[in-house]
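Below is one structure, written out as structure tokens; comments come after it.
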Amino acid sequence: MNAAEIIAARLHAAGVRHAFGIPGGEVLTLIDALVRAGIRFHLARHENAAGFMAEGAWHATGAPGVLVATVGPGIANAFNVVANAEQDRVPLIVISGMVDPAVAMTYTHQVFDHGAVFARVCKASFTAASGAVDVMVDKAIGIATSGRPGPVHIDLPIKVAAGEEPAPRGVLRGPVLPTAPAPGEALDRAREMLAAARRPVIVAGLDVLNEPGGAEALRAFAEAGGIPVVTTYKAKGVLPEDHPLSLGGHGLSPKADAILLPLLREADVVISAGYDPIEMRIGWRDPWDPARAIEFVHAPNTHDMHHAGLSWVCSVAGGLAALGRVGEGLWPCGTPGAVRARLLEALRPKADWGPDVAMAEMLVVLPGDAVASVDSGAHRILLSQHFFARHPRALIQSTGLCTMGCALPLALGHRIAAPQRPAVAFMGDGCAEMVLGELATLRDSGEPVVVVVFVDRSLALIELKQRKEGLHNAGVDFGRTDFAGLARLFGGIGVTVRGPGEAGPALEDALRANRFTLIEVEIPRRAYDGLI
């Protein structure tokens, strides 16, 4: 076997069936090896989008995402999505072609130090070396999937990729999973705090999603004690959001936070279960008294955005199991129920037409097994509050980096890896214009993904911030793009929605279509005022 074949075989053994990217001469040997190993290679129009497609496939299957990029500008284009994978804890294997080191000593065309660039945003960066390719790729997969997941970069020199390798080892390392907290005085104190608690709250985040059995353990613990659960946007659905103990996903909406954060201050015990504040706005700094907080996370607290008097780097499920049971007579004042009612009322559409009305119509008809993705912007905050996730990863998005242009490729990558599930991407018009080329990728895939674009000809969230700060309107408004017409030109179905009663039927029709549909939803300018 050559090095490329060993890499492909190891990725296949780790469950990978799809890779995404754009070919270049330096990665042709690798792409050929991937295809022969049973890993389908999907052509995107930009490496950033390819990386989000790979993330979408990971959400669908649990196998690491794979992004392939050629030397120089190819891999440089991928920096955003790799930084996103680091902040959103995505096990992304990034493989770049590389000019052979000996050649690079006297050849500079398209050459820069890939490893140095990506080292700061990856858990590890390797340069493949003859004689140790099997060890390297096993390490890459293990590091990417262990503990708190993240991206790992592999630079693959041209000659190494095609060169013969020794017979690979027979062992593929598995991910190293966190353990339960050790018995001792600290754990005894935590148990005593919980047993005496009358107003406990669970705040759950990213780490719960990435731990096998984490969501199930959290639900069982919450139900056994009758403890209300708040999640981050990424952790939406770890407790079904139509569950009476669910207070929904939060983090970026000042309107929702004004209702929710007082509950955390009133709680006598806050259990931070895999909660990572990288998703949260600045208003979530120190949201509770550290003396009343118990924390189980997969990595040490180096963010200082919140603190916990009792903290373990361990399995979230193991930590919850070790805590024992809560006392009787929780929340005698009924506060969580009142908070839930206030949140539901606050989110109820108030106007005849706007993004909240359109979302409400669409979410009613969205199938229970569908996956939705949402891009960054005002529409994302609104949809994340409206969307009731009934299972984990039902709504996928960029939450740590909050990068624009992710929703379409996330939905497509998920649909490619899980063709039995409907996929709908919700985007703003500014986000959609960033990735118009991926409509061609949608066309070529043949997947009937639905793309919903909210059209107000503005970067609405930034324009809203400008007005609140009394600043000039600058750089946030743009012209009207005919998104429905573009969809038709790219071989899809284009639909325009302009008023109440139209959005739901449009989505129903799109979900029955045999090719991709783009639904542009025309909303008034400044339509998000008062909604988020």
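So you can find residues: chains in the structure tokens are A, B, ... in the order shown, residues in each start at 1, and ligands are numbered from 1 in order.
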
Problem set entry | Who sits within 12 Å of stretch 319-329 of chain A, only C-alpha atoms, same chain under 5 positions skipped, as a PyMOL selection string | chain A and resi 178-184+186-202+204+208+213-227+268-269+271-274+294-298+310-314+334

Please report as a tab-separated table every residue of stretch 316-405 of chain A lying within 9 Å of stretch 494-500 of chain A, along with the nearest atom pair and their distance in Å (one decimal), using only C-alpha atoms.
```
residue	atom	partner	partner_atom	distance
A:Asp352	CA	A:Pro500	CA	7.0
A:Trp353	CA	A:Pro500	CA	5.9
A:Gly354	CA	A:Gly499	CA	8.1
A:Val357	CA	A:Pro500	CA	7.1
A:Ala358	CA	A:Pro500	CA	7.1
A:Glu361	CA	A:Pro500	CA	8.4
```

Exercise. DSSP on the backbone: what in stretch 195-422 of chain A comes out alpha helix (DSSP H), as number ranges by chain?
Worked result: A: 195-196, 206-209, 214-225, 254-266, 316-323, 335-347, 355-365, 378-386, 407-417

For this session: Would you please give, as an MDAnalysis selection string, all residues of stretch 273-366 of chain A that DSSP assigns to strand (DSSP E) based on the backbone?
Result: chainID A and resid 273 293:297 310:313

Can you spit out the residues from that selection as an mmCIF file, in the first residue's frame, using N, CA and C atoms?
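Writing the result to result.cif gives the following:
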```cif
data_model
loop_
_atom_site.group_PDB
_atom_site.id
_atom_site.type_symbol
_atom_site.label_atom_id
_atom_site.label_comp_id
_atom_site.auth_asym_id
_atom_site.auth_seq_id
_atom_site.Cartn_x
_atom_site.Cartn_y
_atom_site.Cartn_z
ATOM 1 N N ALA A 273 -23.450 21.171 33.287
ATOM 2 C CA ALA A 273 -23.245 19.842 32.711
ATOM 3 C C ALA A 273 -22.699 19.967 31.295
ATOM 4 N N ALA A 293 -22.362 26.481 42.586
ATOM 5 C CA ALA A 293 -22.251 25.811 41.289
ATOM 6 C C ALA A 293 -21.412 24.541 41.374
ATOM 7 N N ILE A 294 -21.894 23.508 40.668
ATOM 8 C CA ILE A 294 -21.205 22.224 40.519
ATOM 9 C C ILE A 294 -20.998 22.021 39.022
ATOM 10 N N GLU A 295 -19.771 21.711 38.619
ATOM 11 C CA GLU A 295 -19.444 21.700 37.191
ATOM 12 C C GLU A 295 -18.791 20.387 36.779
ATOM 13 N N PHE A 296 -19.283 19.822 35.652
ATOM 14 C CA PHE A 296 -18.669 18.651 35.018
ATOM 15 C C PHE A 296 -18.393 19.014 33.559
ATOM 16 N N VAL A 297 -17.126 19.050 33.169
ATOM 17 C CA VAL A 297 -16.750 19.448 31.806
ATOM 18 C C VAL A 297 -15.623 18.549 31.305
ATOM 19 N N LEU A 310 -17.204 23.854 42.855
ATOM 20 C CA LEU A 310 -16.844 22.440 42.739
ATOM 21 C C LEU A 310 -16.825 22.091 41.260
ATOM 22 N N SER A 311 -15.656 21.711 40.746
ATOM 23 C CA SER A 311 -15.512 21.496 39.313
ATOM 24 C C SER A 311 -14.686 20.251 39.040
ATOM 25 N N TRP A 312 -15.160 19.429 38.092
ATOM 26 C CA TRP A 312 -14.432 18.229 37.690
ATOM 27 C C TRP A 312 -14.278 18.203 36.164
ATOM 28 N N VAL A 313 -13.095 17.844 35.696
ATOM 29 C CA VAL A 313 -12.880 17.523 34.292
ATOM 30 C C VAL A 313 -13.100 16.018 34.182
#
```

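If you count only C-alpha atoms and ignore residues fewer than 5 places along the chain from A:Asn77, what sits within 12 Å of it is A:Gly21, A:Ile22, A:Arg45, A:His46, A:Glu47, A:Asn48, A:Ala49, A:Ala50, A:Gly51, A:Leu67, A:Val68, A:Ala69, A:Thr70, A:Val71, A:Gly72, A:Val82, A:Ala83, A:Ser96, A:His114, A:Val117, A:Phe118.
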
Now that the selection is made, can you save its residues with C-alpha atoms as a compact mmCIF listing (two decimals), in the first residue's frame?
```txt
# COMPACT_ATOMS: atom_id res chain seq x y z
CA GLY A 21 -13.13 19.50 -0.98
CA ILE A 22 -11.68 20.74 -4.25
CA ARG A 45 -17.16 25.30 -4.94
CA HIS A 46 -15.13 26.65 -2.03
CA GLU A 47 -13.05 24.91 0.62
CA ASN A 48 -14.83 26.78 3.43
CA ALA A 49 -18.16 25.35 2.30
CA ALA A 50 -16.59 21.91 1.86
CA GLY A 51 -15.52 21.97 5.50
CA LEU A 67 -11.86 18.03 4.27
CA VAL A 68 -9.35 17.75 1.41
CA ALA A 69 -7.61 20.86 0.07
CA THR A 70 -4.77 21.42 -2.32
CA VAL A 71 -1.60 23.36 -1.67
CA GLY A 72 -1.47 27.13 -1.11
CA VAL A 82 -11.04 24.97 10.65
CA ALA A 83 -11.19 27.78 13.22
CA SER A 96 -3.74 19.34 2.55
CA HIS A 114 0.60 25.14 6.29
CA VAL A 117 -0.77 28.57 10.02
CA PHE A 118 -3.08 25.85 11.32
```
